[in-house]
Number of protein chains: 2
Amino acid sequence: MMFPVTAGQFDLVYNALSFTLASMMASTIFFWIRMGSVSEKYKSAMTITGLVTFIAAYHYIRIFNSWNESYHYPEAADGVVQDPVITGQPFNDAYRYMDWMLTVPLLMIEIIFVMGLSPEETAAKATSLGVAAGLMIVLGYPGELIIEGDLNVRWMWWTLAMIPFLYVVHTLLIGLQGAIKEEKNEEVAKKLNMVCWATVVSWCTYPIVYVFPMLGLDGPSAVVAIQLGYCVSDIISKCGVGFLIYNITIAKSNPEGYAQVH
Amino acid sequence: MMFPVTAGQFDLVYNALSFTLASMMASTIFFWIRMGSVSEKYKSAMTITGLVTFIAAYHYIRIFNSWNESYHYPEAADGVVQDPVITGQPFNDAYRYMDWMLTVPLLMIEIIFVMGLSPEETAAKATSLGVAAGLMIVLGYPGELIIEGDLNVRWMWWTLAMIPFLYVVHTLLIGLQGAIKEEKNEEVAKKLNMVCWATVVSWCTYPIVYVFPMLGLDGPSAVVAIQLGYCVSDIISKCGVGFLIYNITIAKSNPEGYAQVH
């Protein structure tokens with residue numbers, strides 16, 4: 001089901017998608033260009049940080065194009081801009097889920113890779129968090145398809161997806177505190193803590209955006225609110241957390257001279 | 001022959017193709033960016049590993065565009081999404097065979113290059129496995145064109161392609177065991193064994209997907225099942241095996257410090 005939108009609503013989503021695409025591309029280039037200043041040990045973490053925003057940039061190109069092809073401005077020779085009309089091409093929001101299936105496990109891995117855990121713990125935590133994150137996305141998707149009608153089914157999938165989500169939250173805020181406390185450099189420990197909190201807080205926005213349709217928003221407003229909400233959440237959790245990870249790898253690579261190289 | 005598909009079927013293939021494309025692009029960049037951490041001896045193996053996913057990414061762009069141009073969503077001013085209609089532009093699945101003709105021999109070569117064989121053995125095995133893999137693809141293609149009607153001809157080409165396939169399976173699971181046993185680093189030996197098994201298991205899915213039309217799947221369902229099946233197989237055999245190869249080259253490049261540079 002596609003909803004008619006006003007010119008204002010169409011442009012709002014259009015500009016937000018373009019803004020997010022620009023942020024993802026710029027972040028990717030920053031992370032990869034700065035790789036030379038990161039010590040060997042953290043190069044794979046930085047590579048993955050850039051991969052997350054790269055994969056997101058690809059999907060934002062697709063989402064932007066899909067939005068653009070779903071609506072069409074009618075001819076207006078008198079210059080008065082009309083509201084866009086529905087073309088019949090459905091807006092493919094599944095791109096977001098395709099994106100998250102790849103990027104959300106990678107986000108978990110990039111965080112674990114800068115934690116300074118033992119190789120065994122790194123492998124174990126990266127696997128369990130990666131799998132939980134992937135499961136969360138897979139369970140969220142079926143509910144996302146229901147935007148009107150029986151929203152109880154949307155609630156059911158929301159609840160199921162919250163189970164692995166809570167495991168991730170618990171691991172980030174409690175399970176990893178031991179590793180953070182062992183970090184000798186106080187500045188780095190503070191940043192590691194901030195990464196965990198920023199991830200949890202920004203991820204909390206997804207289940208909130210997900211319930212917009214249950215909060216009484218009607219079709220077009222729900223679509224617009226969901227798109228804007230996911231754009232903001234993606235920028236915080238991918239670019240924002242990525243820059244925190246970058247700061248940690250730079251600080252850990254160069255403990256004395258940190259001030260000189262951000 | 002093009003089959004009418006529902007909007008759900010169209011979108012499923014569409015999203016799976018886009019997801020696979022994103023996976024191939026991201027893997028390519030990962031393999032090539034991480035090249036700096038691999039010792040000279042394994043740089044060509046890593047280059048080829050990235051080439052396999054690069055060539056696949058190119059073909060997935062083509063397959064995605066071809067799928068998209070084969071169907072067209074009719075106008076629906078009321079917003080109710082209709083099933084797509086056939087445009088007349090045939091969906092070109094031959095891209096997959098063009099891809100495999102290049103990537104499958106390269107996959108054999110990347111595996112042989114990390115085995116630690118003598119230069120003569122490396123050349124001999126890379127040649128025989130590369131040729132067998134290429135022959136397998138060439139023999140499979142004529143049968144792939146037959147999706148309806150006399151499926152016995154499809155069975156005949158399937159059987160012919162299985163001969164070089166069984167040679168490859170035999171070499172990976174038995175012929176190379178001597179080289180794996182000689183590997184001193186136990187961790188690396190385990191990973192080499194896993195590469196051989198992952199390749200054989202993921203390759204086994206191709207002949208299974210190939211016989212979907214003979215298993216009673218009708219036109220559109222067969223097309224959808226074949227596309228999804230090949231996407232999954234490609235991700236496992238190209239990205240999955242590629243990451244195992246990457247892990248082996250990193251471990252071999254840095255035997256003591258492996259823990260530091262996952």
# chains A, B, ... in the order shown; residues from 1 in each chain; ligands from 1
>>> select_by_dssp(residues="range 17-258 of chain A", states="helix (DSSP H, G or I)", output="PyMOL selection string")
chain A and resi 17-37+40-70+94-113+119-144+151-175+177-182+186-210+212-215+219-253+258
>>> residues_around(residues="Ile248 in chain A", least_positions_apart="6", cutoff="10 Å", atoms="only C-alpha atoms", output="JSON, numbers by chain")
{"A": [38, 42, 114, 115, 187, 188, 189, 190, 191, 192, 195, 242, 254, 258]}
>>> write_last_selection(atoms="all heavy atoms", output="short mmCIF file (atom, residue, chain, number, x, y, z; two decimals), in the first residue's frame")
data_model
loop_
_atom_site.label_atom_id
_atom_site.label_comp_id
_atom_site.auth_asym_id
_atom_site.auth_seq_id
_atom_site.Cartn_x
_atom_site.Cartn_y
_atom_site.Cartn_z
N VAL A 38 46.59 4.46 12.22
CA VAL A 38 46.11 3.51 13.23
C VAL A 38 47.08 2.34 13.27
O VAL A 38 47.56 1.89 12.24
CB VAL A 38 44.69 3.02 12.83
CG1 VAL A 38 44.25 1.85 13.68
CG2 VAL A 38 43.70 4.17 12.92
N TYR A 42 44.62 -2.38 15.23
CA TYR A 42 43.25 -1.86 15.12
C TYR A 42 42.82 -1.60 13.68
O TYR A 42 41.77 -1.02 13.44
CB TYR A 42 43.10 -0.61 15.98
CG TYR A 42 43.35 -0.92 17.42
CD1 TYR A 42 44.50 -0.49 18.07
CD2 TYR A 42 42.45 -1.73 18.12
CE1 TYR A 42 44.74 -0.83 19.38
CE2 TYR A 42 42.70 -2.08 19.44
CZ TYR A 42 43.84 -1.63 20.07
OH TYR A 42 44.08 -1.99 21.35
N VAL A 114 37.80 -3.33 19.53
CA VAL A 114 38.61 -2.29 20.21
C VAL A 114 38.57 -2.43 21.72
O VAL A 114 39.09 -1.58 22.44
CB VAL A 114 38.19 -0.85 19.80
CG1 VAL A 114 38.43 -0.63 18.31
CG2 VAL A 114 36.75 -0.56 20.16
N MET A 115 37.96 -3.52 22.22
CA MET A 115 37.78 -3.67 23.66
C MET A 115 39.03 -4.16 24.39
O MET A 115 39.10 -4.08 25.61
CB MET A 115 36.64 -4.69 23.93
CG MET A 115 35.27 -4.07 23.88
SD MET A 115 34.97 -3.02 25.34
CE MET A 115 33.59 -2.04 24.78
N GLU A 187 41.43 7.79 29.67
CA GLU A 187 40.77 8.47 28.55
C GLU A 187 40.08 7.45 27.64
O GLU A 187 38.94 7.61 27.23
CB GLU A 187 41.85 9.25 27.77
CG GLU A 187 41.35 10.27 26.80
CD GLU A 187 40.67 11.44 27.51
OE1 GLU A 187 40.85 11.59 28.75
OE2 GLU A 187 39.95 12.17 26.82
N VAL A 188 40.83 6.35 27.36
CA VAL A 188 40.31 5.29 26.49
C VAL A 188 39.13 4.59 27.16
O VAL A 188 38.11 4.32 26.51
CB VAL A 188 41.43 4.29 26.11
CG1 VAL A 188 40.85 3.06 25.42
CG2 VAL A 188 42.48 4.96 25.22
N ALA A 189 39.26 4.31 28.45
CA ALA A 189 38.18 3.62 29.17
C ALA A 189 36.90 4.43 29.10
O ALA A 189 35.80 3.90 28.89
CB ALA A 189 38.60 3.40 30.64
N LYS A 190 37.05 5.76 29.26
CA LYS A 190 35.88 6.63 29.21
C LYS A 190 35.21 6.54 27.82
O LYS A 190 34.00 6.49 27.69
CB LYS A 190 36.32 8.08 29.48
CG LYS A 190 35.31 8.86 30.33
CD LYS A 190 35.59 10.35 30.36
CE LYS A 190 36.87 10.69 31.11
NZ LYS A 190 37.19 12.14 30.99
N LYS A 191 36.06 6.54 26.79
CA LYS A 191 35.53 6.48 25.42
C LYS A 191 34.86 5.13 25.13
O LYS A 191 33.86 5.06 24.42
CB LYS A 191 36.65 6.72 24.41
CG LYS A 191 37.03 8.19 24.27
CD LYS A 191 37.99 8.36 23.10
CE LYS A 191 38.92 9.52 23.30
NZ LYS A 191 38.26 10.83 23.45
N LEU A 192 35.44 4.04 25.66
CA LEU A 192 34.85 2.71 25.46
C LEU A 192 33.45 2.67 26.08
O LEU A 192 32.51 2.13 25.50
CB LEU A 192 35.73 1.63 26.09
CG LEU A 192 37.01 1.26 25.33
CD1 LEU A 192 37.86 0.31 26.16
CD2 LEU A 192 36.68 0.63 23.98
N VAL A 195 31.08 4.49 23.85
CA VAL A 195 30.69 3.69 22.69
C VAL A 195 29.52 2.78 23.05
O VAL A 195 28.52 2.69 22.32
CB VAL A 195 31.87 2.84 22.17
CG1 VAL A 195 31.37 1.66 21.32
CG2 VAL A 195 32.82 3.68 21.35
N GLY A 242 30.98 5.25 14.91
CA GLY A 242 32.20 5.07 14.12
C GLY A 242 33.27 6.07 14.51
O GLY A 242 34.44 5.71 14.67
N ASN A 254 48.55 5.42 19.81
CA ASN A 254 49.56 6.45 20.06
C ASN A 254 49.34 7.04 21.44
O ASN A 254 49.00 8.21 21.57
CB ASN A 254 49.37 7.54 18.97
CG ASN A 254 50.55 8.45 18.88
OD1 ASN A 254 51.54 8.28 19.60
ND2 ASN A 254 50.44 9.44 18.02
N TYR A 258 48.72 11.22 21.68
CA TYR A 258 47.34 11.28 21.23
C TYR A 258 46.93 12.67 20.79
O TYR A 258 46.31 12.87 19.76
CB TYR A 258 46.41 10.76 22.33
CG TYR A 258 44.96 10.92 21.99
CD1 TYR A 258 44.47 10.46 20.77
CD2 TYR A 258 44.08 11.55 22.87
CE1 TYR A 258 43.14 10.60 20.45
CE2 TYR A 258 42.75 11.69 22.54
CZ TYR A 258 42.28 11.23 21.34
OH TYR A 258 40.97 11.38 21.01
#
>>> closest_atom_pairs(of="chain B", to="chain A", cutoff="9 Å", atoms="only C-alpha atoms", output="CSV")
residue,atom,partner,partner_atom,distance
B:Asp11,CA,A:Asn92,CA,8.2
B:Asn15,CA,A:Tyr95,CA,7.0
B:Ala16,CA,A:Met98,CA,8.2
B:Ser18,CA,A:Met98,CA,8.0
B:Phe19,CA,A:Met98,CA,5.7
B:Ala22,CA,A:Ile55,CA,6.4
B:Ser23,CA,A:Leu102,CA,7.7
B:Met25,CA,A:Ile55,CA,8.4
B:Ala26,CA,A:Leu51,CA,6.3
B:Ser27,CA,A:Leu51,CA,8.8
B:Ile29,CA,A:Leu51,CA,8.0
B:Phe30,CA,A:Thr47,CA,6.7
B:Ile33,CA,A:Thr47,CA,7.2
B:Arg34,CA,A:Ser44,CA,7.1
B:Ser37,CA,A:Glu40,CA,7.4
B:His72,CA,A:Gln89,CA,8.1
B:Tyr73,CA,A:Gln89,CA,5.4
B:Pro74,CA,A:Gly88,CA,5.9
B:Glu75,CA,A:Gly88,CA,4.4
B:Ala76,CA,A:Gly88,CA,4.4
B:Ala77,CA,A:Ile86,CA,5.4
B:Asp78,CA,A:Ile86,CA,7.5
B:Gly79,CA,A:Met2,CA,4.4
B:Val80,CA,A:Met1,CA,4.9
B:Val81,CA,A:Met1,CA,5.7
B:Gln82,CA,A:Gly88,CA,7.3
B:Pro84,CA,A:Gln89,CA,8.9
B:Tyr258,CA,A:Pro119,CA,9.0
B:Ala259,CA,A:Pro119,CA,5.6
B:Gln260,CA,A:Lys41,CA,5.3
B:Val261,CA,A:Lys41,CA,4.7
B:His262,CA,A:Ser44,CA,6.9
>>> residues_around(residues="Asn193 in chain A", least_positions_apart="4", cutoff="12 Å", atoms="only C-alpha atoms", output="short mmCIF file (atom, residue, chain, number, x, y, z; two decimals) with N, CA and C atoms, in the first residue's frame")
data_model
loop_
_atom_site.label_atom_id
_atom_site.label_comp_id
_atom_site.auth_asym_id
_atom_site.auth_seq_id
_atom_site.Cartn_x
_atom_site.Cartn_y
_atom_site.Cartn_z
N ILE A 111 32.96 -2.90 17.70
CA ILE A 111 33.06 -2.52 19.11
C ILE A 111 33.91 -3.53 19.88
N VAL A 114 37.80 -3.33 19.53
CA VAL A 114 38.61 -2.29 20.21
C VAL A 114 38.57 -2.43 21.72
N MET A 115 37.96 -3.52 22.22
CA MET A 115 37.78 -3.67 23.66
C MET A 115 39.03 -4.16 24.39
N LEU A 172 26.48 -5.05 26.44
CA LEU A 172 27.19 -3.78 26.28
C LEU A 172 27.30 -3.03 27.59
N LEU A 173 26.23 -3.01 28.37
CA LEU A 173 26.21 -2.16 29.56
C LEU A 173 26.73 -2.88 30.81
N ILE A 174 26.68 -4.22 30.82
CA ILE A 174 27.11 -4.94 32.02
C ILE A 174 28.24 -5.93 31.70
N GLY A 175 28.00 -6.79 30.68
CA GLY A 175 28.97 -7.85 30.37
C GLY A 175 30.36 -7.34 30.04
N LEU A 176 30.46 -6.16 29.42
CA LEU A 176 31.76 -5.68 28.97
C LEU A 176 32.42 -4.72 29.97
N GLN A 177 31.75 -4.44 31.09
CA GLN A 177 32.30 -3.48 32.05
C GLN A 177 33.64 -3.95 32.62
N GLY A 178 33.80 -5.29 32.77
CA GLY A 178 35.07 -5.83 33.27
C GLY A 178 36.23 -5.42 32.37
N ALA A 179 36.03 -5.62 31.06
CA ALA A 179 37.08 -5.29 30.10
C ALA A 179 37.38 -3.79 30.12
N ILE A 180 36.33 -2.98 30.27
CA ILE A 180 36.54 -1.52 30.27
C ILE A 180 37.31 -1.10 31.52
N LYS A 181 37.00 -1.74 32.67
CA LYS A 181 37.70 -1.38 33.91
C LYS A 181 39.17 -1.73 33.86
N GLU A 183 41.11 -1.48 31.32
CA GLU A 183 41.82 -0.56 30.43
C GLU A 183 42.61 0.44 31.28
N GLU A 186 42.89 5.94 31.12
CA GLU A 186 41.58 6.38 31.61
C GLU A 186 40.73 7.03 30.52
N GLU A 187 41.43 7.79 29.67
CA GLU A 187 40.77 8.47 28.55
C GLU A 187 40.08 7.45 27.64
N VAL A 188 40.83 6.35 27.36
CA VAL A 188 40.31 5.29 26.49
C VAL A 188 39.13 4.59 27.16
N ALA A 189 39.26 4.31 28.45
CA ALA A 189 38.18 3.62 29.17
C ALA A 189 36.90 4.43 29.10
N TRP A 197 27.36 3.07 25.55
CA TRP A 197 26.15 3.85 25.82
C TRP A 197 25.55 4.46 24.56
N ALA A 198 26.41 5.00 23.68
CA ALA A 198 25.89 5.61 22.45
C ALA A 198 25.18 4.56 21.59
N THR A 199 25.75 3.34 21.58
CA THR A 199 25.12 2.27 20.80
C THR A 199 23.76 1.93 21.38
N VAL A 200 23.70 1.73 22.69
CA VAL A 200 22.43 1.36 23.31
C VAL A 200 21.39 2.47 23.12
N VAL A 241 28.93 6.47 16.31
CA VAL A 241 29.69 5.42 16.99
C VAL A 241 31.00 5.16 16.24
N LEU A 244 33.58 7.58 17.40
CA LEU A 244 34.08 7.20 18.73
C LEU A 244 35.10 6.07 18.61
N ILE A 245 34.79 5.07 17.78
CA ILE A 245 35.71 3.94 17.57
C ILE A 245 37.04 4.47 16.99
N ILE A 248 39.10 6.00 19.67
CA ILE A 248 39.70 4.98 20.54
C ILE A 248 40.92 4.35 19.87
#
>>> atom_distance(atom1="CA of Thr249 in chain B", atom2="CA of Thr28 in chain B")
15.6 Å
>>> residues_around(residues="range 146-162 of chain A", least_positions_apart="4", cutoff="12 Å", atoms="only C-alpha atoms", output="ChimeraX atom specification")
/A:1-3,93,132-142,166-170,203-204,206-223,226
>>> select_by_dssp(residues="range 68-226 of chain B", states="strand (DSSP E or B)", output="PDB file with N, CA, C and O atoms, in the first residue's frame")
ATOM      1  N   TYR B  71      10.436  -6.663 -15.502  1.00  0.00           N
ATOM      2  CA  TYR B  71       9.089  -6.460 -14.974  1.00  0.00           C
ATOM      3  C   TYR B  71       8.857  -4.968 -14.776  1.00  0.00           C
ATOM      4  O   TYR B  71       9.807  -4.197 -14.626  1.00  0.00           O
ATOM      5  N   HIS B  72       7.602  -4.613 -14.725  1.00  0.00           N
ATOM      6  CA  HIS B  72       7.263  -3.199 -14.594  1.00  0.00           C
ATOM      7  C   HIS B  72       5.976  -3.096 -13.777  1.00  0.00           C
ATOM      8  O   HIS B  72       5.002  -3.784 -14.075  1.00  0.00           O
ATOM      9  N   VAL B  85       4.052  -6.427 -14.231  1.00  0.00           N
ATOM     10  CA  VAL B  85       3.777  -7.067 -15.518  1.00  0.00           C
ATOM     11  C   VAL B  85       5.087  -7.301 -16.273  1.00  0.00           C
ATOM     12  O   VAL B  85       6.091  -6.632 -16.024  1.00  0.00           O
ATOM     13  N   ILE B  86       5.070  -8.291 -17.163  1.00  0.00           N
ATOM     14  CA  ILE B  86       6.263  -8.655 -17.937  1.00  0.00           C
ATOM     15  C   ILE B  86       6.489  -7.585 -19.011  1.00  0.00           C
ATOM     16  O   ILE B  86       5.561  -7.197 -19.719  1.00  0.00           O
TER      17      ILE B  86
END
>>> atom_distance(atom1="CA of Ala126 in chain B", atom2="CA of Ile109 in chain B")
5.1 Å
>>> residues_around(residues="Leu17 in chain A", least_positions_apart="3", cutoff="7 Å", atoms="only C-alpha atoms", output="ChimeraX atom specification")
/A:13-14,20-21,60,64,231
>>> atom_distance(atom1="CA of Leu117 in chain A", atom2="CA of Glu182 in chain A")
9.6 Å
